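Trainee: Data file protein-v4.cif (mmCIF, C-alpha atoms and all ligand atoms) is appended below.
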data_work
loop_
_atom_site.label_atom_id
_atom_site.label_comp_id
_atom_site.auth_asym_id
_atom_site.auth_seq_id
_atom_site.Cartn_x
_atom_site.Cartn_y
_atom_site.Cartn_z
CA MET C 1 44.45 1.51 -5.79
CA PHE C 2 42.30 4.56 -5.10
CA LYS C 3 44.91 7.27 -4.75
CA GLU C 4 43.50 9.12 -7.77
CA VAL C 5 40.14 9.53 -6.03
CA GLU C 6 39.67 13.13 -4.89
CA ALA C 7 37.96 14.08 -1.63
CA TYR C 8 34.28 14.92 -2.08
CA PRO C 9 33.78 18.60 -1.21
CA GLY C 10 30.23 17.76 -0.13
CA ASP C 11 26.85 18.96 -1.33
CA PRO C 12 26.44 22.66 -0.49
CA ILE C 13 23.00 22.20 1.11
CA LEU C 14 23.49 18.87 2.87
CA THR C 15 26.91 19.90 4.22
CA LEU C 16 25.42 23.00 5.80
CA ASN C 17 22.73 20.82 7.32
CA GLU C 18 25.35 18.52 8.86
CA GLN C 19 27.19 21.57 10.21
CA PHE C 20 23.93 22.74 11.78
CA GLY C 21 23.48 19.37 13.47
CA ALA C 22 26.94 19.62 15.02
CA ASP C 23 26.51 23.26 16.13
CA PRO C 24 26.22 23.21 19.97
CA ARG C 25 24.44 26.59 20.26
CA ALA C 26 20.93 26.29 21.72
CA ASN C 27 19.62 29.33 19.82
CA LYS C 28 20.66 28.09 16.35
CA ILE C 29 18.10 28.35 13.53
CA ASN C 30 18.28 26.31 10.32
CA LEU C 31 16.76 27.97 7.26
CA SER C 32 19.10 26.20 4.84
CA ILE C 33 17.57 22.85 3.90
CA GLY C 34 14.21 22.62 2.11
CA VAL C 35 12.06 20.81 4.65
CA TYR C 36 8.71 21.78 6.10
CA LEU C 37 8.54 22.07 9.88
CA ASP C 38 5.36 22.59 11.89
CA ALA C 39 4.60 25.45 14.28
CA ALA C 40 6.64 23.66 16.97
CA GLY C 41 9.66 23.39 14.69
CA LYS C 42 9.21 19.62 14.18
CA MET C 43 8.95 17.65 10.97
CA PRO C 44 5.29 16.57 10.91
CA ALA C 45 4.07 12.99 10.58
CA MET C 46 0.84 13.63 8.70
CA ARG C 47 -2.35 12.24 10.23
CA ALA C 48 -3.58 10.67 6.98
CA VAL C 49 -0.19 8.98 6.54
CA LEU C 50 -0.24 7.52 10.06
CA GLN C 51 -3.77 6.20 9.59
CA ALA C 52 -2.93 4.62 6.25
CA GLU C 53 0.23 3.11 7.72
CA THR C 54 -1.65 1.66 10.69
CA ALA C 55 -4.22 0.08 8.37
CA LEU C 56 -1.47 -1.32 6.15
CA ALA C 57 0.45 -2.76 9.09
CA ALA C 58 -2.42 -5.19 9.62
CA VAL C 59 -2.12 -6.62 6.12
CA LEU C 60 1.47 -6.03 5.02
CA GLY C 61 2.69 -9.63 5.13
CA THR C 62 5.27 -10.58 2.51
CA ARG C 63 7.36 -8.10 0.59
CA PRO C 64 7.85 -9.21 -2.98
CA TYR C 65 9.70 -7.13 -5.57
CA LEU C 66 7.53 -4.48 -7.16
CA PRO C 67 7.52 -4.42 -10.95
CA MET C 68 10.20 -2.17 -12.47
CA GLU C 69 7.65 0.61 -13.04
CA GLY C 70 6.33 0.39 -9.47
CA ASN C 71 3.00 0.02 -7.70
CA ALA C 72 0.10 0.21 -10.19
CA ALA C 73 -2.38 1.91 -7.81
CA TYR C 74 0.27 4.48 -6.88
CA ARG C 75 1.09 5.19 -10.50
CA SER C 76 -2.48 5.90 -11.47
CA ALA C 77 -3.20 7.94 -8.32
CA VAL C 78 -0.11 10.05 -8.92
CA ARG C 79 -1.00 10.57 -12.55
CA ALA C 80 -4.47 11.77 -11.57
CA LEU C 81 -3.02 14.11 -8.94
CA ILE C 82 -0.68 15.72 -11.43
CA PHE C 83 -2.86 15.88 -14.53
CA GLY C 84 -6.36 15.66 -13.06
CA ALA C 85 -8.30 12.40 -13.49
CA GLU C 86 -10.30 13.82 -16.39
CA HIS C 87 -7.37 15.10 -18.43
CA ARG C 88 -7.47 14.06 -22.08
CA ALA C 89 -3.88 12.86 -22.05
CA VAL C 90 -4.80 10.46 -19.21
CA SER C 91 -8.09 9.21 -20.65
CA GLU C 92 -6.39 8.65 -24.02
CA SER C 93 -3.68 6.55 -22.28
CA ARG C 94 -0.93 8.84 -23.57
CA VAL C 95 0.89 9.24 -20.25
CA ALA C 96 3.62 6.75 -19.32
CA THR C 97 4.18 6.88 -15.54
CA ALA C 98 6.77 5.11 -13.42
CA GLN C 99 7.21 5.19 -9.64
CA THR C 100 10.67 6.54 -8.81
CA LEU C 101 13.03 7.09 -5.89
CA GLY C 102 11.79 10.56 -4.99
CA GLY C 103 11.86 13.51 -7.35
CA SER C 104 15.63 13.07 -7.73
CA GLY C 105 15.14 9.52 -9.00
CA ALA C 106 12.55 10.76 -11.49
CA LEU C 107 14.97 13.36 -12.81
CA LYS C 108 17.70 10.72 -13.09
CA VAL C 109 15.52 8.18 -14.94
CA GLY C 110 14.32 10.98 -17.25
CA ALA C 111 17.89 12.21 -17.78
CA ASP C 112 19.10 8.69 -18.68
CA PHE C 113 16.19 8.27 -21.08
CA ILE C 114 16.97 11.60 -22.78
CA ALA C 115 20.69 10.82 -22.97
CA HIS C 116 19.81 7.56 -24.73
CA TYR C 117 17.14 8.74 -27.15
CA PHE C 118 18.12 12.39 -27.66
CA PRO C 119 21.90 12.38 -27.06
CA LYS C 120 22.40 15.63 -28.98
CA ALA C 121 19.81 17.52 -26.96
CA LYS C 122 21.13 20.13 -24.54
CA VAL C 123 19.27 20.61 -21.26
CA TRP C 124 18.49 24.20 -20.23
CA VAL C 125 17.82 25.08 -16.62
CA SER C 126 16.71 28.37 -15.08
CA ASP C 127 19.35 30.75 -13.73
CA PRO C 128 19.42 30.03 -10.84
CA THR C 129 18.05 26.54 -10.17
CA TRP C 130 18.32 23.72 -7.64
CA ASP C 131 22.03 22.76 -7.85
CA ASN C 132 21.29 19.07 -8.21
CA HIS C 133 19.73 19.69 -11.64
CA TYR C 134 23.24 20.31 -12.94
CA SER C 135 24.58 17.21 -11.21
CA ILE C 136 21.80 14.88 -12.33
CA PHE C 137 21.57 15.91 -15.98
CA GLY C 138 25.32 16.50 -16.28
CA GLY C 139 25.96 13.17 -14.56
CA ALA C 140 23.80 11.43 -17.17
CA GLY C 141 26.22 12.74 -19.83
CA LEU C 142 24.07 15.64 -21.04
CA THR C 143 25.28 19.20 -21.55
CA VAL C 144 23.49 21.62 -19.24
CA GLY C 145 23.11 25.32 -19.98
CA LYS C 146 21.14 28.04 -18.20
CA TYR C 147 18.46 30.44 -19.39
CA ARG C 148 17.70 33.89 -17.99
CA TYR C 149 15.11 33.64 -15.23
CA TYR C 150 15.41 35.67 -12.04
CA ASP C 151 15.55 39.44 -11.90
CA ALA C 152 17.21 40.43 -8.62
CA ALA C 153 16.08 44.05 -9.06
CA THR C 154 12.39 43.13 -8.89
CA GLY C 155 12.58 39.84 -6.97
CA HIS C 156 10.53 38.37 -9.79
CA VAL C 157 10.89 36.46 -13.05
CA ASP C 158 12.45 38.36 -15.93
CA PHE C 159 9.82 36.96 -18.26
CA PRO C 160 10.83 38.89 -21.42
CA GLY C 161 14.45 37.83 -20.77
CA MET C 162 13.36 34.21 -20.33
CA LEU C 163 11.36 34.23 -23.57
CA ALA C 164 14.22 35.86 -25.48
CA ALA C 165 16.64 33.20 -24.23
CA LEU C 166 14.36 30.25 -25.04
CA GLU C 167 13.58 31.73 -28.47
CA GLN C 168 17.23 31.11 -29.42
CA LEU C 169 17.25 27.38 -28.66
CA PRO C 170 17.29 24.75 -31.40
CA ALA C 171 14.33 22.40 -31.80
CA GLY C 172 14.63 19.26 -29.69
CA ASP C 173 16.51 20.88 -26.80
CA VAL C 174 15.13 20.18 -23.33
CA VAL C 175 13.89 23.02 -21.10
CA LEU C 176 13.65 22.26 -17.39
CA LEU C 177 10.76 24.18 -15.79
CA HIS C 178 9.74 24.37 -12.13
CA ALA C 179 5.97 23.87 -12.28
CA CYS C 180 5.46 25.84 -9.04
CA CYS C 181 7.34 27.13 -6.00
CA HIS C 182 10.58 27.77 -7.87
CA ASN C 183 13.63 26.53 -5.99
CA PRO C 184 15.61 28.60 -4.97
CA THR C 185 13.90 31.91 -5.81
CA GLY C 186 10.19 31.43 -5.00
CA ALA C 187 9.49 33.43 -8.20
CA ASP C 188 6.91 31.69 -10.40
CA LEU C 189 5.26 32.43 -13.74
CA ASN C 190 1.59 33.40 -13.66
CA GLN C 191 -1.01 31.55 -15.76
CA ALA C 192 -0.92 34.09 -18.62
CA GLN C 193 2.87 33.71 -18.77
CA TRP C 194 2.63 29.91 -18.79
CA ARG C 195 0.20 30.13 -21.73
CA GLU C 196 2.59 32.38 -23.63
CA LEU C 197 5.50 30.10 -22.85
CA ALA C 198 3.55 27.05 -24.08
CA GLY C 199 3.11 28.85 -27.41
CA LEU C 200 6.85 29.44 -27.70
CA ILE C 201 7.76 25.89 -26.68
CA ARG C 202 5.39 24.44 -29.25
CA ARG C 203 6.45 26.80 -32.04
CA ARG C 204 10.16 26.17 -31.38
CA GLY C 205 9.73 22.37 -31.02
CA LEU C 206 11.35 22.32 -27.55
CA LEU C 207 10.90 19.48 -25.07
CA PRO C 208 9.72 20.68 -21.63
CA PHE C 209 10.75 18.77 -18.52
CA PHE C 210 8.64 19.85 -15.54
CA ASP C 211 9.94 19.43 -12.02
CA ILE C 212 7.12 19.54 -9.44
CA ALA C 213 8.57 18.93 -5.99
CA TYR C 214 6.23 21.24 -4.03
CA GLN C 215 2.72 20.53 -5.34
CA GLY C 216 0.26 22.06 -2.87
CA PHE C 217 2.64 24.63 -1.37
CA GLY C 218 2.00 27.37 -3.95
CA GLU C 219 -1.69 27.99 -4.56
CA GLY C 220 -2.98 24.44 -3.92
CA PRO C 221 -2.48 21.05 -5.64
CA ASP C 222 -4.60 21.76 -8.73
CA ALA C 223 -3.47 25.34 -9.33
CA ASP C 224 0.17 24.29 -8.85
CA ALA C 225 -0.16 21.77 -11.68
CA PHE C 226 -1.69 24.34 -14.05
CA ALA C 227 1.34 24.62 -16.33
CA ILE C 228 1.70 20.85 -16.77
CA ARG C 229 -2.01 20.41 -17.49
CA HIS C 230 -2.05 23.33 -19.90
CA PHE C 231 1.03 22.23 -21.87
CA ALA C 232 -0.41 18.71 -22.14
CA GLU C 233 -3.75 20.17 -23.23
CA GLU C 234 -1.89 22.03 -25.98
CA GLY C 235 -0.62 18.72 -27.33
CA ILE C 236 2.99 19.28 -26.24
CA ALA C 237 5.03 16.15 -25.46
CA LEU C 238 6.64 16.57 -22.05
CA PHE C 239 8.27 15.02 -18.99
CA VAL C 240 7.16 15.49 -15.37
CA ALA C 241 9.28 14.59 -12.34
CA SER C 242 7.21 14.71 -9.15
CA SER C 243 8.07 14.28 -5.49
CA PHE C 244 6.03 13.45 -2.38
CA SER C 245 8.87 14.27 -0.01
CA LYS C 246 7.41 17.62 1.09
CA ASN C 247 3.66 17.36 0.54
CA PHE C 248 3.40 14.01 2.36
CA SER C 249 6.33 14.75 4.68
CA LEU C 250 7.77 11.40 3.58
CA TYR C 251 11.31 12.49 2.74
CA GLY C 252 13.07 9.27 3.64
CA GLU C 253 10.57 6.97 1.93
CA ARG C 254 11.80 8.29 -1.44
CA CYS C 255 8.48 8.56 -3.24
CA GLY C 256 8.30 10.23 -6.61
CA SER C 257 7.20 9.61 -10.15
CA LEU C 258 8.23 10.23 -13.73
CA SER C 259 5.51 10.80 -16.32
CA VAL C 260 6.02 11.24 -20.03
CA VAL C 261 3.16 12.67 -22.07
CA CYS C 262 3.27 11.15 -25.55
CA ASP C 263 1.46 11.80 -28.84
CA ASP C 264 -0.52 8.53 -28.71
CA SER C 265 -1.01 5.41 -26.60
CA THR C 266 1.38 3.26 -28.67
CA GLN C 267 4.19 5.71 -28.02
CA ALA C 268 3.24 5.75 -24.33
CA THR C 269 3.50 1.95 -24.16
CA ASN C 270 6.91 2.01 -25.80
CA VAL C 271 8.16 4.87 -23.65
CA LEU C 272 7.01 3.06 -20.48
CA GLY C 273 8.89 -0.02 -21.69
CA GLN C 274 12.08 2.00 -22.08
CA LEU C 275 11.60 3.67 -18.69
CA LYS C 276 11.38 0.17 -17.24
CA ALA C 277 14.61 -0.76 -19.00
CA THR C 278 16.29 2.38 -17.61
CA ILE C 279 15.08 1.53 -14.10
CA ARG C 280 16.22 -2.09 -14.45
CA ARG C 281 19.76 -1.01 -15.23
CA ASN C 282 19.78 1.54 -12.40
CA TYR C 283 18.16 -0.10 -9.36
CA SER C 284 15.82 -2.74 -10.81
CA SER C 285 12.63 -1.77 -8.98
CA PRO C 286 11.43 0.76 -6.41
CA PRO C 287 10.59 0.14 -2.73
CA ILE C 288 7.13 -0.89 -1.50
CA HIS C 289 6.30 0.96 1.67
CA GLY C 290 5.92 4.67 0.88
CA ALA C 291 4.06 4.02 -2.36
CA ARG C 292 1.51 1.84 -0.55
CA ILE C 293 0.86 4.58 1.98
CA ILE C 294 0.42 7.24 -0.67
CA ALA C 295 -1.82 5.09 -2.88
CA ARG C 296 -3.96 4.30 0.15
CA VAL C 297 -4.34 7.96 1.11
CA LEU C 298 -5.07 9.16 -2.42
CA ASP C 299 -7.56 6.37 -3.17
CA ASP C 300 -9.57 6.69 0.06
CA ALA C 301 -11.96 9.67 0.04
CA GLY C 302 -11.72 10.25 3.80
CA LEU C 303 -7.94 9.99 4.04
CA ARG C 304 -7.51 12.08 0.92
CA ALA C 305 -9.70 14.86 2.34
CA GLU C 306 -7.71 14.76 5.56
CA TRP C 307 -4.41 14.92 3.70
CA LEU C 308 -5.60 17.84 1.56
CA ALA C 309 -6.75 19.74 4.64
CA GLU C 310 -3.43 19.16 6.40
CA LEU C 311 -1.48 20.16 3.31
CA GLU C 312 -3.53 23.35 3.05
CA GLY C 313 -2.69 24.07 6.68
CA MET C 314 1.01 23.64 5.87
CA ARG C 315 0.73 25.96 2.86
CA LEU C 316 -0.99 28.64 4.93
CA ARG C 317 1.56 28.30 7.72
CA VAL C 318 4.40 29.01 5.28
CA LYS C 319 2.49 32.04 3.96
CA ALA C 320 2.06 33.31 7.52
CA MET C 321 5.81 32.91 8.08
CA ARG C 322 6.44 35.01 4.95
CA THR C 323 4.25 37.83 6.21
CA GLY C 324 5.69 37.48 9.69
CA LEU C 325 9.27 37.78 8.47
CA TYR C 326 8.31 40.63 6.15
CA ASP C 327 6.76 42.57 9.04
CA ALA C 328 9.67 41.83 11.37
CA LEU C 329 12.35 42.87 8.85
CA SER C 330 10.42 45.96 7.69
CA ALA C 331 10.08 47.12 11.30
CA ARG C 332 13.80 46.64 11.93
CA CYS C 333 15.07 48.12 8.64
CA PRO C 334 12.56 50.85 7.65
CA GLY C 335 14.57 51.98 4.60
CA LEU C 336 14.75 48.55 2.98
CA ASP C 337 12.22 46.83 0.71
CA PHE C 338 11.36 43.26 1.66
CA SER C 339 8.22 43.06 -0.49
CA TYR C 340 9.77 40.20 -2.48
CA LEU C 341 8.99 37.97 0.51
CA ASN C 342 5.26 38.42 0.03
CA LYS C 343 5.42 38.25 -3.77
CA GLN C 344 7.25 34.93 -3.92
CA THR C 345 5.55 31.56 -3.37
CA GLY C 346 6.37 28.17 -1.94
CA MET C 347 8.90 27.20 0.67
CA PHE C 348 11.76 29.48 -0.44
CA SER C 349 12.72 33.07 -0.93
CA TYR C 350 15.81 34.52 -2.48
CA THR C 351 17.05 37.29 -0.23
CA ASP C 352 19.71 39.79 -1.27
CA LEU C 353 22.03 38.35 1.38
CA THR C 354 25.52 37.77 0.01
CA ALA C 355 27.68 34.70 0.63
CA ALA C 356 29.79 36.76 3.06
CA GLU C 357 26.68 37.85 4.96
CA ALA C 358 25.47 34.24 5.07
CA ASP C 359 28.80 33.31 6.68
CA VAL C 360 28.44 36.03 9.32
CA LEU C 361 24.86 34.98 10.06
CA ARG C 362 25.99 31.42 10.63
CA GLN C 363 29.19 32.14 12.55
CA GLU C 364 28.00 34.97 14.79
CA PHE C 365 24.28 34.36 15.13
CA GLY C 366 23.78 30.62 14.49
CA LEU C 367 21.37 31.43 11.65
CA TYR C 368 21.92 29.05 8.74
CA VAL C 369 21.00 30.27 5.24
CA LEU C 370 22.45 29.19 1.90
CA SER C 371 25.38 31.17 0.49
CA SER C 372 23.14 32.06 -2.47
CA GLY C 373 20.88 33.94 -0.04
CA ARG C 374 18.10 31.34 -0.27
CA ILE C 375 16.08 30.94 2.91
CA CYS C 376 13.50 28.27 3.69
CA LEU C 377 10.41 29.97 5.11
CA ALA C 378 8.87 26.57 5.84
CA ALA C 379 11.48 26.04 8.56
CA LEU C 380 10.61 29.27 10.39
CA THR C 381 8.28 29.29 13.40
CA GLU C 382 6.48 32.02 15.34
CA GLY C 383 9.29 31.78 17.87
CA SER C 384 12.18 31.98 15.42
CA ILE C 385 10.94 34.93 13.34
CA ALA C 386 12.13 37.59 15.80
CA PRO C 387 15.64 36.19 16.41
CA ALA C 388 16.09 35.48 12.68
CA ALA C 389 14.97 39.02 11.80
CA ASP C 390 17.23 40.50 14.51
CA ALA C 391 20.24 38.67 13.07
CA ILE C 392 19.47 39.58 9.46
CA ALA C 393 18.78 43.23 10.34
CA GLN C 394 22.06 43.52 12.24
CA VAL C 395 24.01 42.10 9.33
CA LEU C 396 22.22 44.28 6.77
CA LYS C 397 22.92 47.42 8.82
CA ARG C 398 26.68 46.86 8.99
N1 LIG S 1 13.41 19.13 -7.49
C1 LIG S 1 13.49 20.20 -6.71
C2 LIG S 1 13.33 21.56 -7.30
C3 LIG S 1 13.72 20.05 -5.34
O1 LIG S 1 13.80 21.13 -4.57
C4 LIG S 1 13.86 18.75 -4.81
C5 LIG S 1 14.05 18.50 -3.34
N2 LIG S 1 14.84 19.36 -2.67
C6 LIG S 1 13.77 17.68 -5.69
C7 LIG S 1 13.54 17.89 -7.01
C8 LIG S 1 14.00 16.26 -5.22
O2 LIG S 1 13.04 15.75 -4.45
P1 LIG S 1 13.31 14.41 -3.62
O3 LIG S 1 13.82 14.85 -2.30
O4 LIG S 1 11.99 13.76 -3.57
O5 LIG S 1 14.31 13.60 -4.35
#
Represent the structure of the file as structure tokens.
Mentor:
Amino acid sequence: MFKEVEAYPGDPILTLNEQFGADPRANKINLSIGVYLDAAGKMPAMRAVLQAETALAAVLGTRPYLPMEGNAAYRSAVRALIFGAEHRAVSESRVATAQTLGGSGALKVGADFIAHYFPKAKVWVSDPTWDNHYSIFGGAGLTVGKYRYYDAATGHVDFPGMLAALEQLPAGDVVLLHACCHNPTGADLNQAQWRELAGLIRRRGLLPFFDIAYQGFGEGPDADAFAIRHFAEEGIALFVASSFSKNFSLYGERCGSLSVVCDDSTQATNVLGQLKATIRRNYSSPPIHGARIIARVLDDAGLRAEWLAELEGMRLRVKAMRTGLYDALSARCPGLDFSYLNKQTGMFSYTDLTAAEADVLRQEFGLYVLSSGRICLAALTEGSIAPAADAIAQVLKR
């Protein structure tokens, strides 16, 4: 019956992670998957989350289905976190928001919605981008193309190249934008560049789709949402897929959201209705637990302050790991320029390591990095900087 079914080659990131798990070497270091680890190399359970969970345990009781669009308190708290509670689009009820299964679920619900209402639209993603963008939008039946983004020579965004590429697109095409902490390069636009891009997007009639999976890890939760808030302020209709996997350290609870900024509240009501229909045909309704925790934390002043402080600590720890790795590599390879590490933001950096070098690092040194050269700084610790730098320096000197 199933002899036509081909073997799944595996997801490039998750497969490497499984390989890491099975690697018996005690000195192995995993910089491949995008997860935040604390100074002890452990995935943190955030204090605010544990407190909210303990309080909820006392009252949890029955577990009815949530509505298709999810938990109402969660949806409004998430909307305020992304747009700011005072944003005009929010106060004018122009934002349709649904709770989703992580950021991936938000992208999928958005992709299905676009495939239904704008079937001729092509989706454009940055070159490079998170691989799953191709799978999710392509899997929804949309054609996915890439626009110029990263300049390997400078370790930064080729902004003129990006503008020139987007200038060529027909009105109505969708442009996927990483709101902050670009995955995989760590190279972000600055605020002046976002303003210029908003002008182009509006003039060309393009439809921006923001992906914000690392809010709080760049410059802080408000600054990281600048682009989304600015585009919405400019009256541009847009999509936002958000994730709480990293900034609440709640990966397995699958908490995310999809927001669509519309021209008026009637459109927002209709769009929300169609998002509900999309969710109904996919998985009917989202799960209860993670959303209750997050709503509780965001709606309680004390817990929220505690969460923000802990998140800021995580952000600063990743920055310290960047500087630490920069110093360690610069000391070991005096002729080479690692300044891209300090220029880039968020959990990732795009090194110049080749796929062959990534193989050697893994096989000989037990250091796991992606074949694209992406490393996750958030998985480094004080203790792993020196051995990671030793391995990289040895490979670079060959
Ligand atoms: N977008 C980007 C850019 C990501 O890096 C990720 C997570 N790796 C996601 C979306 C998906 O987030 P989630 O794990 O919540 O589905």
Trainee: Step by step, measure atom-to-atom distances between ligand LIG 1 (chain S) and each residue using all atoms listed in the file, keep those at most 6 Å, then write them as a list of chain:residue names.
Mentor: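 Counting only what the definition allows, namely all atoms listed in the file, the set is C:Gly34, C:Gly102, C:Gly103, C:Ser104, C:Trp130, C:Asn183, C:Asp211, C:Ala213, C:Ser243, C:Ser245, C:Arg254, C:Gly256.
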Trainee: Choose the residue, out of C:Ala26, C:Ala187, C:Leu37, C:Leu275, that has the smallest atom-to-atom separation from C:Leu377; count only C-alpha atoms.
Mentor: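 Checking each of C:Ala26, C:Ala187, C:Leu37, C:Leu275 against C:Leu377, counting only C-alpha atoms, the winner is C:Leu37.
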Trainee: Closest to C:Ser284 among C:Val109, C:Val5, C:Ile212, C:Leu361, using all atoms listed in the file?
Mentor: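 With all atoms listed in the file as the atom set, the closest residue is C:Val109.
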Trainee: I want to know what sits within 7 Å of C:Val175, based on all atoms listed in the file, with residues of the same chain fewer than 5 positions away left out; could you give that as a ChimeraX atom specification?
Mentor: /C:123-125,206-209
Trainee: Which value, in Å to one decimal, gives the distance between atom CA of C:Asn30 and atom CA of C:Asp158?
Mentor: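 Going from atom CA of C:Asn30 over to atom CA of C:Asp158 covers 29.5 Å.
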Trainee: Tell me, in Å to one decimal, how far atom CA of C:Tyr368 is from atom CA of C:Leu177.
Mentor: 27.4 Å
Trainee: Go through C:Leu16, C:Gly10, C:Met162, C:His230 one by one, measure the shortest atom-to-atom distance of each to C:Ala358 using only C-alpha atoms, and give the residue with the smallest value.
Mentor: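 Residue with the minimum atom-to-atom distance to C:Ala358: C:Leu16.
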Trainee: Compare C:Ile33, C:Ile288, C:Ala192, C:Val174 by their minimum atom-to-atom distance to C:Phe239, counting only C-alpha atoms, and give me the closest one.
Mentor: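 The closest residue to C:Phe239 is C:Val174.
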Trainee: Have a look at atom CA of C:Ala295 and atom CA of C:His178 and let me know their distance in Å, one decimal.
Mentor: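 Those two atoms sit 24.3 Å apart.
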Trainee: Closest to C:Met347 among C:Thr185, C:Thr381, C:Gln394, C:Asn71, using only C-alpha atoms?
Mentor: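 Nearest to C:Met347: C:Thr185.
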Trainee: Compare C:Cys181, C:Ala55, C:Ile294, C:Met1 by their minimum atom-to-atom distance to C:Tyr350, counting only C-alpha atoms, and give me the closest one.
Mentor: C:Cys181
Trainee: Residues at most 12 Å from C:Asp23, counting only C-alpha atoms, excluding those fewer than 4 positions away in the same chain, as a PyMOL selection string?
Mentor: chain C and resi 16-19+27-30+362-368
Trainee: Please return the centre and edge lengths, in Å to one decimal, of a box with edges along x, y and z that contains all listed atoms of stretch 243-247 of chain C, widened by 5 Å on every side, as AutoDock Vina command-line options.
Mentor:
--center_x 6.3 --center_y 15.5 --center_z -2.2 --size_x 15.2 --size_y 14.2 --size_z 16.6
Trainee: Using only C-alpha atoms, find all polymer residues with an atom at most 12 Å away from the point (-0.4, 22.5, 8.9); report them as an MDAnalysis selection string.
Mentor: chainID C and resid 36:47 216:217 247:249 306:320 378 381
Trainee: Neighbouring residues of C:Gly186 were defined as those with any atom within 6 Å, considering all atoms listed in the file; residues of the same chain fewer than 4 positions away were excluded. Please report them as JSON, numbers by chain.
Mentor: {"C": [181, 182, 344, 345, 346, 348, 349]}
Trainee: Got a sec: who's within 10 Å of C:Val78, counting all atoms listed in the file, leaving out chain neighbours fewer than 4 positions off, as a ChimeraX atom specification?
Mentor: /C:72-74,82-85,97-99,242-244,256-259,291,294-295,298
Trainee: With C-alpha atoms kept, could you save the residues just selected as an mmCIF file, in the coordinates of the input?
Mentor:
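The result, stored in selection.cif:
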data_model
loop_
_atom_site.group_PDB
_atom_site.id
_atom_site.type_symbol
_atom_site.label_atom_id
_atom_site.label_comp_id
_atom_site.auth_asym_id
_atom_site.auth_seq_id
_atom_site.Cartn_x
_atom_site.Cartn_y
_atom_site.Cartn_z
ATOM 1 C CA ALA C 72 0.100 0.210 -10.190
ATOM 2 C CA ALA C 73 -2.380 1.910 -7.810
ATOM 3 C CA TYR C 74 0.270 4.480 -6.880
ATOM 4 C CA ILE C 82 -0.680 15.720 -11.430
ATOM 5 C CA PHE C 83 -2.860 15.880 -14.530
ATOM 6 C CA GLY C 84 -6.360 15.660 -13.060
ATOM 7 C CA ALA C 85 -8.300 12.400 -13.490
ATOM 8 C CA THR C 97 4.180 6.880 -15.540
ATOM 9 C CA ALA C 98 6.770 5.110 -13.420
ATOM 10 C CA GLN C 99 7.210 5.190 -9.640
ATOM 11 C CA SER C 242 7.210 14.710 -9.150
ATOM 12 C CA SER C 243 8.070 14.280 -5.490
ATOM 13 C CA PHE C 244 6.030 13.450 -2.380
ATOM 14 C CA GLY C 256 8.300 10.230 -6.610
ATOM 15 C CA SER C 257 7.200 9.610 -10.150
ATOM 16 C CA LEU C 258 8.230 10.230 -13.730
ATOM 17 C CA SER C 259 5.510 10.800 -16.320
ATOM 18 C CA ALA C 291 4.060 4.020 -2.360
ATOM 19 C CA ILE C 294 0.420 7.240 -0.670
ATOM 20 C CA ALA C 295 -1.820 5.090 -2.880
ATOM 21 C CA LEU C 298 -5.070 9.160 -2.420
#
Trainee: Which polymer residues, whether protein, DNA or RNA, lie within 12 Å of the coordinate (6.5, 42.1, 12.1) when you count only C-alpha atoms? List them as an mmCIF file with C-alpha atoms, in the coordinates of the input, using the chain letters and numbers from the file.
Mentor:
data_model
loop_
_atom_site.group_PDB
_atom_site.id
_atom_site.type_symbol
_atom_site.label_atom_id
_atom_site.label_comp_id
_atom_site.auth_asym_id
_atom_site.auth_seq_id
_atom_site.Cartn_x
_atom_site.Cartn_y
_atom_site.Cartn_z
ATOM 1 C CA ALA C 320 2.060 33.310 7.520
ATOM 2 C CA MET C 321 5.810 32.910 8.080
ATOM 3 C CA ARG C 322 6.440 35.010 4.950
ATOM 4 C CA THR C 323 4.250 37.830 6.210
ATOM 5 C CA GLY C 324 5.690 37.480 9.690
ATOM 6 C CA LEU C 325 9.270 37.780 8.470
ATOM 7 C CA TYR C 326 8.310 40.630 6.150
ATOM 8 C CA ASP C 327 6.760 42.570 9.040
ATOM 9 C CA ALA C 328 9.670 41.830 11.370
ATOM 10 C CA LEU C 329 12.350 42.870 8.850
ATOM 11 C CA SER C 330 10.420 45.960 7.690
ATOM 12 C CA ALA C 331 10.080 47.120 11.300
ATOM 13 C CA ARG C 332 13.800 46.640 11.930
ATOM 14 C CA CYS C 333 15.070 48.120 8.640
ATOM 15 C CA PRO C 334 12.560 50.850 7.650
ATOM 16 C CA PHE C 338 11.360 43.260 1.660
ATOM 17 C CA GLU C 382 6.480 32.020 15.340
ATOM 18 C CA ILE C 385 10.940 34.930 13.340
ATOM 19 C CA ALA C 386 12.130 37.590 15.800
ATOM 20 C CA PRO C 387 15.640 36.190 16.410
ATOM 21 C CA ALA C 388 16.090 35.480 12.680
ATOM 22 C CA ALA C 389 14.970 39.020 11.800
ATOM 23 C CA ASP C 390 17.230 40.500 14.510
#
Trainee: Which polymer residues have any atom within 12 Å of an atom of C:Ala198, counting all atoms listed in the file, with same-chain residues fewer than 6 positions away left out, as a PyMOL selection string?
Mentor: chain C and resi 163+166-167+175+177+189+191-192+204-208+226-238
